[in-house]
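Enquirer: Contents are PDB, N, CA and C atoms; file name input_29.pdb:
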```
ATOM      1  N   MET A   7     107.873 111.240 122.193
ATOM      2  CA  MET A   7     106.727 110.372 121.938
ATOM      3  C   MET A   7     107.094 109.392 120.827
ATOM      4  N   LYS A   8     106.818 108.127 121.062
ATOM      5  CA  LYS A   8     107.196 107.089 120.112
ATOM      6  C   LYS A   8     106.439 107.201 118.796
ATOM      7  N   GLY A   9     105.158 107.541 118.882
ATOM      8  CA  GLY A   9     104.348 107.690 117.669
ATOM      9  C   GLY A   9     104.899 108.770 116.755
ATOM     10  N   LEU A  10     105.410 109.832 117.350
ATOM     11  CA  LEU A  10     105.995 110.918 116.573
ATOM     12  C   LEU A  10     107.223 110.439 115.805
ATOM     13  N   LYS A  11     107.992 109.543 116.410
ATOM     14  CA  LYS A  11     109.168 108.977 115.725
ATOM     15  C   LYS A  11     108.743 108.239 114.457
ATOM     16  N   VAL A  12     107.622 107.530 114.545
ATOM     17  CA  VAL A  12     107.122 106.779 113.385
ATOM     18  C   VAL A  12     106.712 107.755 112.282
ATOM     19  N   LEU A  13     105.998 108.809 112.630
ATOM     20  CA  LEU A  13     105.588 109.795 111.629
ATOM     21  C   LEU A  13     106.808 110.498 111.019
ATOM     22  N   GLU A  14     107.787 110.821 111.836
ATOM     23  CA  GLU A  14     108.998 111.476 111.333
ATOM     24  C   GLU A  14     109.760 110.574 110.371
ATOM     25  N   ALA A  15     109.741 109.276 110.618
ATOM     26  CA  ALA A  15     110.417 108.333 109.724
ATOM     27  C   ALA A  15     109.789 108.332 108.333
ATOM     28  N   LEU A  16     108.505 108.682 108.248
ATOM     29  CA  LEU A  16     107.801 108.677 106.966
ATOM     30  C   LEU A  16     107.872 110.018 106.235
ATOM     31  N   GLU A  17     108.467 111.017 106.854
ATOM     32  CA  GLU A  17     108.482 112.353 106.250
ATOM     33  C   GLU A  17     109.213 112.413 104.912
ATOM     34  N   ASP A  18     110.234 111.584 104.734
ATOM     35  CA  ASP A  18     110.996 111.652 103.482
ATOM     36  C   ASP A  18     110.610 110.574 102.476
ATOM     37  N   GLY A  19     109.408 109.997 102.649
ATOM     38  CA  GLY A  19     108.907 109.055 101.655
ATOM     39  C   GLY A  19     108.447 107.739 102.238
ATOM     40  N   PRO A  20     107.827 106.906 101.400
ATOM     41  CA  PRO A  20     107.283 105.616 101.832
ATOM     42  C   PRO A  20     108.364 104.686 102.376
ATOM     43  N   LYS A  21     107.966 103.884 103.369
ATOM     44  CA  LYS A  21     108.886 102.939 103.998
ATOM     45  C   LYS A  21     108.147 101.655 104.345
ATOM     46  N   THR A  22     108.887 100.575 104.455
ATOM     47  CA  THR A  22     108.334  99.326 104.977
ATOM     48  C   THR A  22     108.407  99.392 106.500
ATOM     49  N   ILE A  23     107.715  98.483 107.152
ATOM     50  CA  ILE A  23     107.788  98.437 108.617
ATOM     51  C   ILE A  23     109.224  98.191 109.055
ATOM     52  N   GLU A  24     109.927  97.338 108.336
ATOM     53  CA  GLU A  24     111.315  97.038 108.692
ATOM     54  C   GLU A  24     112.184  98.290 108.616
ATOM     55  N   ASP A  25     111.961  99.124 107.597
ATOM     56  CA  ASP A  25     112.703 100.384 107.474
ATOM     57  C   ASP A  25     112.431 101.284 108.677
ATOM     58  N   ILE A  26     111.161 101.373 109.062
ATOM     59  CA  ILE A  26     110.770 102.232 110.180
ATOM     60  C   ILE A  26     111.364 101.716 111.489
ATOM     61  N   VAL A  27     111.355 100.404 111.663
ATOM     62  CA  VAL A  27     111.950  99.798 112.858
ATOM     63  C   VAL A  27     113.437 100.150 112.941
ATOM     64  N   ALA A  28     114.139 100.046 111.827
ATOM     65  CA  ALA A  28     115.572 100.353 111.810
ATOM     66  C   ALA A  28     115.830 101.826 112.140
ATOM     67  N   MET A  29     114.975 102.707 111.665
ATOM     68  CA  MET A  29     115.161 104.142 111.900
ATOM     69  C   MET A  29     114.795 104.558 113.317
ATOM     70  N   THR A  30     113.752 103.959 113.882
ATOM     71  CA  THR A  30     113.231 104.403 115.179
ATOM     72  C   THR A  30     113.755 103.589 116.354
ATOM     73  N   LYS A  31     114.283 102.396 116.069
ATOM     74  CA  LYS A  31     114.737 101.465 117.117
ATOM     75  C   LYS A  31     113.588 100.970 118.005
ATOM     76  N   LEU A  32     112.350 101.056 117.489
ATOM     77  CA  LEU A  32     111.195 100.532 118.204
ATOM     78  C   LEU A  32     110.962  99.085 117.792
ATOM     79  N   LYS A  33     110.186  98.351 118.566
ATOM     80  CA  LYS A  33     109.854  96.969 118.222
ATOM     81  C   LYS A  33     108.879  96.947 117.051
ATOM     82  N   LYS A  34     108.954  95.885 116.252
ATOM     83  CA  LYS A  34     108.128  95.771 115.056
ATOM     84  C   LYS A  34     106.633  95.841 115.375
ATOM     85  N   MET A  35     106.192  95.139 116.417
ATOM     86  CA  MET A  35     104.770  95.148 116.770
ATOM     87  C   MET A  35     104.328  96.537 117.235
ATOM     88  N   GLU A  36     105.228  97.257 117.887
ATOM     89  CA  GLU A  36     104.907  98.600 118.340
ATOM     90  C   GLU A  36     104.723  99.545 117.143
ATOM     91  N   VAL A  37     105.626  99.436 116.167
ATOM     92  CA  VAL A  37     105.527 100.252 114.954
ATOM     93  C   VAL A  37     104.240  99.923 114.218
ATOM     94  N   ARG A  38     103.937  98.653 114.100
ATOM     95  CA  ARG A  38     102.713  98.231 113.415
ATOM     96  C   ARG A  38     101.476  98.808 114.097
ATOM     97  N   ARG A  39     101.454  98.768 115.424
ATOM     98  CA  ARG A  39     100.324  99.301 116.187
ATOM     99  C   ARG A  39     100.148 100.796 115.917
ATOM    100  N   TYR A  40     101.255 101.550 115.923
ATOM    101  CA  TYR A  40     101.170 102.985 115.630
ATOM    102  C   TYR A  40     100.677 103.227 114.205
ATOM    103  N   LEU A  41     101.202 102.466 113.253
ATOM    104  CA  LEU A  41     100.792 102.652 111.861
ATOM    105  C   LEU A  41      99.295 102.400 111.683
ATOM    106  N   LEU A  42      98.794 101.340 112.284
ATOM    107  CA  LEU A  42      97.364 101.030 112.167
ATOM    108  C   LEU A  42      96.518 102.116 112.822
ATOM    109  N   ARG A  43      96.972 102.644 113.935
ATOM    110  CA  ARG A  43      96.259 103.742 114.596
ATOM    111  C   ARG A  43      96.253 104.979 113.697
ATOM    112  N   PHE A  44      97.388 105.273 113.065
ATOM    113  CA  PHE A  44      97.479 106.442 112.187
ATOM    114  C   PHE A  44      96.628 106.269 110.930
ATOM    115  N   VAL A  45      96.479 105.048 110.453
ATOM    116  CA  VAL A  45      95.583 104.787 109.316
ATOM    117  C   VAL A  45      94.149 105.125 109.724
ATOM    118  N   GLU A  46      93.744 104.683 110.904
ATOM    119  CA  GLU A  46      92.392 104.982 111.394
ATOM    120  C   GLU A  46      92.166 106.480 111.535
ATOM    121  N   GLN A  47      93.205 107.213 111.893
ATOM    122  CA  GLN A  47      93.104 108.660 112.072
ATOM    123  C   GLN A  47      93.239 109.424 110.760
ATOM    124  N   GLY A  48      93.546 108.714 109.673
ATOM    125  CA  GLY A  48      93.682 109.353 108.374
ATOM    126  C   GLY A  48      95.012 110.046 108.151
ATOM    127  N   LYS A  49      96.019 109.728 108.954
ATOM    128  CA  LYS A  49      97.331 110.360 108.819
ATOM    129  C   LYS A  49      98.275 109.589 107.911
ATOM    130  N   VAL A  50      98.061 108.284 107.813
ATOM    131  CA  VAL A  50      98.970 107.397 107.081
ATOM    132  C   VAL A  50      98.142 106.491 106.188
ATOM    133  N   GLU A  51      98.741 106.075 105.072
ATOM    134  CA  GLU A  51      98.092 105.081 104.209
ATOM    135  C   GLU A  51      99.131 104.056 103.773
ATOM    136  N   ALA A  52      98.651 102.903 103.376
ATOM    137  CA  ALA A  52      99.530 101.802 102.976
ATOM    138  C   ALA A  52      99.253 101.429 101.528
ATOM    139  N   PHE A  53     100.288 100.912 100.874
ATOM    140  CA  PHE A  53     100.128 100.377  99.530
ATOM    141  C   PHE A  53     101.123  99.240  99.351
ATOM    142  N   GLN A  54     100.827  98.375  98.408
ATOM    143  CA  GLN A  54     101.666  97.205  98.186
ATOM    144  C   GLN A  54     102.359  97.311  96.847
ATOM    145  N   GLU A  55     103.642  96.977  96.847
ATOM    146  CA  GLU A  55     104.438  96.862  95.622
ATOM    147  C   GLU A  55     105.086  95.500  95.638
ATOM    148  N   GLY A  56     104.677  94.660  94.698
ATOM    149  CA  GLY A  56     105.181  93.290  94.717
ATOM    150  C   GLY A  56     104.690  92.597  95.969
ATOM    151  N   GLU A  57     105.626  92.063  96.731
ATOM    152  CA  GLU A  57     105.254  91.386  97.971
ATOM    153  C   GLU A  57     105.470  92.257  99.201
ATOM    154  N   LYS A  58     105.917  93.489  99.016
ATOM    155  CA  LYS A  58     106.207  94.370 100.146
ATOM    156  C   LYS A  58     105.092  95.380 100.362
ATOM    157  N   MET A  59     104.811  95.645 101.643
ATOM    158  CA  MET A  59     103.829  96.653 102.033
ATOM    159  C   MET A  59     104.585  97.912 102.434
ATOM    160  N   PHE A  60     104.192  99.026 101.846
ATOM    161  CA  PHE A  60     104.813 100.306 102.150
ATOM    162  C   PHE A  60     103.801 101.205 102.846
ATOM    163  N   TRP A  61     104.314 102.065 103.708
ATOM    164  CA  TRP A  61     103.503 103.010 104.453
ATOM    165  C   TRP A  61     103.973 104.408 104.117
ATOM    166  N   LYS A  62     103.042 105.349 104.016
ATOM    167  CA  LYS A  62     103.417 106.736 103.709
ATOM    168  C   LYS A  62     102.445 107.686 104.381
ATOM    169  N   LEU A  63     102.896 108.925 104.542
ATOM    170  CA  LEU A  63     102.020 109.953 105.078
ATOM    171  C   LEU A  63     100.935 110.231 104.053
ATOM    172  N   ARG A  64      99.721 110.400 104.513
ATOM    173  CA  ARG A  64      98.587 110.664 103.623
ATOM    174  C   ARG A  64      98.558 112.144 103.273
ATOM    175  N   GLU A  65      98.386 112.431 102.009
ATOM    176  CA  GLU A  65      98.297 113.816 101.554
ATOM    177  C   GLU A  65      96.854 114.285 101.642
ATOM    178  N   GLU A  66      96.667 115.499 102.144
ATOM    179  CA  GLU A  66      95.327 116.060 102.229
ATOM    180  C   GLU A  66      94.872 116.551 100.868
ATOM    181  N   SER A  67      93.594 116.388 100.598
ATOM    182  CA  SER A  67      93.027 116.930  99.367
ATOM    183  C   SER A  67      92.731 118.412  99.572
ATOM    184  N   GLU A  68      92.446 119.117  98.500
ATOM    185  CA  GLU A  68      92.091 120.539  98.584
ATOM    186  C   GLU A  68      90.874 120.751  99.471
ATOM    187  N   VAL A  69      89.880 119.890  99.340
ATOM    188  CA  VAL A  69      88.651 120.005 100.116
ATOM    189  C   VAL A  69      88.948 119.831 101.600
ATOM    190  N   GLU A  70      89.782 118.840 101.934
ATOM    191  CA  GLU A  70      90.138 118.603 103.339
ATOM    192  C   GLU A  70      90.870 119.803 103.925
ATOM    193  N   ARG A  71      91.772 120.393 103.160
ATOM    194  CA  ARG A  71      92.492 121.579 103.631
ATOM    195  C   ARG A  71      91.552 122.755 103.842
ATOM    196  N   GLU A  72      90.598 122.897 102.913
ATOM    197  CA  GLU A  72      89.666 124.013 102.967
ATOM    198  C   GLU A  72      88.762 123.936 104.203
ATOM    199  N   PHE A  73      88.333 122.709 104.566
ATOM    200  CA  PHE A  73      87.392 122.548 105.659
ATOM    201  C   PHE A  73      88.049 122.046 106.939
ATOM    202  N   ARG A  74      89.357 122.151 107.039
ATOM    203  CA  ARG A  74      90.100 121.641 108.187
ATOM    204  C   ARG A  74      89.589 122.219 109.515
ATOM    205  N   TYR A  75      89.267 123.500 109.536
ATOM    206  CA  TYR A  75      88.903 124.157 110.799
ATOM    207  C   TYR A  75      87.398 124.365 110.973
ATOM    208  N   VAL A  76      86.606 123.753 110.128
ATOM    209  CA  VAL A  76      85.156 123.915 110.225
ATOM    210  C   VAL A  76      84.605 122.924 111.230
TER
END
```
Translate this file's structure into structure tokens.
Expert:
Amino acid sequence: MKGLKVLEALEDGPKTIEDIVAMTKLKKMEVRRYLLRFVEQGKVEAFQEGEKMFWKLREESEVEREFRYV
């Protein structure tokens, strides 16, 4: 699954879209589409450093972990 490749690319820390494209060999627009979908699902978040946008896996809070199966 292509989306899984994008998530796996983020496992070892924040990356730019270009970094993810290089790691997954997917097209830039495809990676962007997956990232935006994962943001909506609460799996990924973005932040900006200087002029670059970085993407990273979102960490669950204690409350989210506690109520995960409710």
Enquirer: Neighbourhood query: residues within 6.5 Å of (104.2, 103.1, 115.9), file coordinates, counting all atoms listed in the file; return as a list in words.
Expert: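 Those residues lying close to the given coordinates are Lys8, Gly9, Val12, Glu36, Val37, Arg38, Arg39, Tyr40 and Leu41 of chain A.
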Enquirer: Atom CA of Gly48 of chain A and atom C of Arg64 of chain A are how many Å apart?
Expert: 7.6 Å
Enquirer: Just want the 8 Å neighbourhood of Thr30 of chain A, counted on only C-alpha atoms, with same-chain residues fewer than 2 positions away dropped. Output as a list in words.
Expert: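 Once the nearby chain positions are removed, what remains is Lys11, Val12, Ala15, Ile26, Val27, Ala28 and Leu32 of chain A.
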Enquirer: For atom N of Phe73 of chain A and atom C of Phe53 of chain A, quote the distance in Å rounded to one decimal.
Expert: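 Answer for the atom N of Phe73 of chain A to atom C of Phe53 of chain A separation: 27.2 Å.
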Enquirer: So that I can check the secondary structure, give me every residue of chain A assigned strand (DSSP E or B) by backbone DSSP, as a PDB file with N, CA and C atoms, in the frame of the given file.
Expert:
```pdb
ATOM      1  N   LYS A  21     107.966 103.884 103.369  1.00  0.00           N
ATOM      2  CA  LYS A  21     108.886 102.939 103.998  1.00  0.00           C
ATOM      3  C   LYS A  21     108.147 101.655 104.345  1.00  0.00           C
ATOM      4  N   VAL A  50      98.061 108.284 107.813  1.00  0.00           N
ATOM      5  CA  VAL A  50      98.970 107.397 107.081  1.00  0.00           C
ATOM      6  C   VAL A  50      98.142 106.491 106.188  1.00  0.00           C
ATOM      7  N   GLU A  51      98.741 106.075 105.072  1.00  0.00           N
ATOM      8  CA  GLU A  51      98.092 105.081 104.209  1.00  0.00           C
ATOM      9  C   GLU A  51      99.131 104.056 103.773  1.00  0.00           C
ATOM     10  N   ALA A  52      98.651 102.903 103.376  1.00  0.00           N
ATOM     11  CA  ALA A  52      99.530 101.802 102.976  1.00  0.00           C
ATOM     12  C   ALA A  52      99.253 101.429 101.528  1.00  0.00           C
ATOM     13  N   PHE A  53     100.288 100.912 100.874  1.00  0.00           N
ATOM     14  CA  PHE A  53     100.128 100.377  99.530  1.00  0.00           C
ATOM     15  C   PHE A  53     101.123  99.240  99.351  1.00  0.00           C
ATOM     16  N   GLN A  54     100.827  98.375  98.408  1.00  0.00           N
ATOM     17  CA  GLN A  54     101.666  97.205  98.186  1.00  0.00           C
ATOM     18  C   GLN A  54     102.359  97.311  96.847  1.00  0.00           C
ATOM     19  N   GLU A  55     103.642  96.977  96.847  1.00  0.00           N
ATOM     20  CA  GLU A  55     104.438  96.862  95.622  1.00  0.00           C
ATOM     21  C   GLU A  55     105.086  95.500  95.638  1.00  0.00           C
ATOM     22  N   LYS A  58     105.917  93.489  99.016  1.00  0.00           N
ATOM     23  CA  LYS A  58     106.207  94.370 100.146  1.00  0.00           C
ATOM     24  C   LYS A  58     105.092  95.380 100.362  1.00  0.00           C
ATOM     25  N   MET A  59     104.811  95.645 101.643  1.00  0.00           N
ATOM     26  CA  MET A  59     103.829  96.653 102.033  1.00  0.00           C
ATOM     27  C   MET A  59     104.585  97.912 102.434  1.00  0.00           C
ATOM     28  N   PHE A  60     104.192  99.026 101.846  1.00  0.00           N
ATOM     29  CA  PHE A  60     104.813 100.306 102.150  1.00  0.00           C
ATOM     30  C   PHE A  60     103.801 101.205 102.846  1.00  0.00           C
ATOM     31  N   TRP A  61     104.314 102.065 103.708  1.00  0.00           N
ATOM     32  CA  TRP A  61     103.503 103.010 104.453  1.00  0.00           C
ATOM     33  C   TRP A  61     103.973 104.408 104.117  1.00  0.00           C
ATOM     34  N   LYS A  62     103.042 105.349 104.016  1.00  0.00           N
ATOM     35  CA  LYS A  62     103.417 106.736 103.709  1.00  0.00           C
ATOM     36  C   LYS A  62     102.445 107.686 104.381  1.00  0.00           C
ATOM     37  N   LEU A  63     102.896 108.925 104.542  1.00  0.00           N
ATOM     38  CA  LEU A  63     102.020 109.953 105.078  1.00  0.00           C
ATOM     39  C   LEU A  63     100.935 110.231 104.053  1.00  0.00           C
TER      40      LEU A  63
END
```
Enquirer: Can you work out the spacing between atom CA of Ile23 of chain A and atom N of Glu68 of chain A in Å, to one decimal?
Expert: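 According to the coordinates, atom CA of Ile23 of chain A and atom N of Glu68 of chain A are separated by 27.7 Å.
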Enquirer: Please, which residues are within 7 Å of (105.5, 103.6, 99.6) by the file's coordinates, counting only N, CA and C atoms, and could they come as an NGL selection string?
Expert: :A and (19-22 or 52-53 or 59-62)
Enquirer: From the list A:Leu42, A:Leu63, A:Met35, A:Val50, which residue is nearest Leu16 of chain A when using only N, CA and C atoms?
Expert: A:Leu63
Enquirer: Box in all listed atoms of segment 26-32 of chain A, axis-aligned, with 6 Å more on each side; write out centre and edge lengths in Å to one decimal as lines of an AutoDock Vina configuration file.
Expert:
```
center_x = 113.3
center_y = 101.8
center_z = 113.6
size_x = 17.1
size_y = 17.5
size_z = 21.1
```
Enquirer: As a VMD selection string, list the residues of chain A assigned to helix (DSSP H, G or I) by DSSP on the backbone atoms of this structure.
Expert: chain A and resid 8 to 15 23 to 30 34 to 46 68 to 72
Enquirer: Could you save the residues just selected, with N, CA and C atoms, as a CSV table (one decimal), in the frame of the given file?
Expert:
```
chain,number,residue,atom,x,y,z
A,8,LYS,N,106.8,108.1,121.1
A,8,LYS,CA,107.2,107.1,120.1
A,8,LYS,C,106.4,107.2,118.8
A,9,GLY,N,105.2,107.5,118.9
A,9,GLY,CA,104.3,107.7,117.7
A,9,GLY,C,104.9,108.8,116.8
A,10,LEU,N,105.4,109.8,117.4
A,10,LEU,CA,106.0,110.9,116.6
A,10,LEU,C,107.2,110.4,115.8
A,11,LYS,N,108.0,109.5,116.4
A,11,LYS,CA,109.2,109.0,115.7
A,11,LYS,C,108.7,108.2,114.5
A,12,VAL,N,107.6,107.5,114.5
A,12,VAL,CA,107.1,106.8,113.4
A,12,VAL,C,106.7,107.8,112.3
A,13,LEU,N,106.0,108.8,112.6
A,13,LEU,CA,105.6,109.8,111.6
A,13,LEU,C,106.8,110.5,111.0
A,14,GLU,N,107.8,110.8,111.8
A,14,GLU,CA,109.0,111.5,111.3
A,14,GLU,C,109.8,110.6,110.4
A,15,ALA,N,109.7,109.3,110.6
A,15,ALA,CA,110.4,108.3,109.7
A,15,ALA,C,109.8,108.3,108.3
A,23,ILE,N,107.7,98.5,107.2
A,23,ILE,CA,107.8,98.4,108.6
A,23,ILE,C,109.2,98.2,109.1
A,24,GLU,N,109.9,97.3,108.3
A,24,GLU,CA,111.3,97.0,108.7
A,24,GLU,C,112.2,98.3,108.6
A,25,ASP,N,112.0,99.1,107.6
A,25,ASP,CA,112.7,100.4,107.5
A,25,ASP,C,112.4,101.3,108.7
A,26,ILE,N,111.2,101.4,109.1
A,26,ILE,CA,110.8,102.2,110.2
A,26,ILE,C,111.4,101.7,111.5
A,27,VAL,N,111.4,100.4,111.7
A,27,VAL,CA,112.0,99.8,112.9
A,27,VAL,C,113.4,100.2,112.9
A,28,ALA,N,114.1,100.0,111.8
A,28,ALA,CA,115.6,100.4,111.8
A,28,ALA,C,115.8,101.8,112.1
A,29,MET,N,115.0,102.7,111.7
A,29,MET,CA,115.2,104.1,111.9
A,29,MET,C,114.8,104.6,113.3
A,30,THR,N,113.8,104.0,113.9
A,30,THR,CA,113.2,104.4,115.2
A,30,THR,C,113.8,103.6,116.4
A,34,LYS,N,109.0,95.9,116.3
A,34,LYS,CA,108.1,95.8,115.1
A,34,LYS,C,106.6,95.8,115.4
A,35,MET,N,106.2,95.1,116.4
A,35,MET,CA,104.8,95.1,116.8
A,35,MET,C,104.3,96.5,117.2
A,36,GLU,N,105.2,97.3,117.9
A,36,GLU,CA,104.9,98.6,118.3
A,36,GLU,C,104.7,99.5,117.1
A,37,VAL,N,105.6,99.4,116.2
A,37,VAL,CA,105.5,100.3,115.0
A,37,VAL,C,104.2,99.9,114.2
A,38,ARG,N,103.9,98.7,114.1
A,38,ARG,CA,102.7,98.2,113.4
A,38,ARG,C,101.5,98.8,114.1
A,39,ARG,N,101.5,98.8,115.4
A,39,ARG,CA,100.3,99.3,116.2
A,39,ARG,C,100.1,100.8,115.9
A,40,TYR,N,101.3,101.6,115.9
A,40,TYR,CA,101.2,103.0,115.6
A,40,TYR,C,100.7,103.2,114.2
A,41,LEU,N,101.2,102.5,113.3
A,41,LEU,CA,100.8,102.7,111.9
A,41,LEU,C,99.3,102.4,111.7
A,42,LEU,N,98.8,101.3,112.3
A,42,LEU,CA,97.4,101.0,112.2
A,42,LEU,C,96.5,102.1,112.8
A,43,ARG,N,97.0,102.6,113.9
A,43,ARG,CA,96.3,103.7,114.6
A,43,ARG,C,96.3,105.0,113.7
A,44,PHE,N,97.4,105.3,113.1
A,44,PHE,CA,97.5,106.4,112.2
A,44,PHE,C,96.6,106.3,110.9
A,45,VAL,N,96.5,105.0,110.5
A,45,VAL,CA,95.6,104.8,109.3
A,45,VAL,C,94.1,105.1,109.7
A,46,GLU,N,93.7,104.7,110.9
A,46,GLU,CA,92.4,105.0,111.4
A,46,GLU,C,92.2,106.5,111.5
A,68,GLU,N,92.4,119.1,98.5
A,68,GLU,CA,92.1,120.5,98.6
A,68,GLU,C,90.9,120.8,99.5
A,69,VAL,N,89.9,119.9,99.3
A,69,VAL,CA,88.7,120.0,100.1
A,69,VAL,C,88.9,119.8,101.6
A,70,GLU,N,89.8,118.8,101.9
A,70,GLU,CA,90.1,118.6,103.3
A,70,GLU,C,90.9,119.8,103.9
A,71,ARG,N,91.8,120.4,103.2
A,71,ARG,CA,92.5,121.6,103.6
A,71,ARG,C,91.6,122.8,103.8
A,72,GLU,N,90.6,122.9,102.9
A,72,GLU,CA,89.7,124.0,103.0
A,72,GLU,C,88.8,123.9,104.2
```
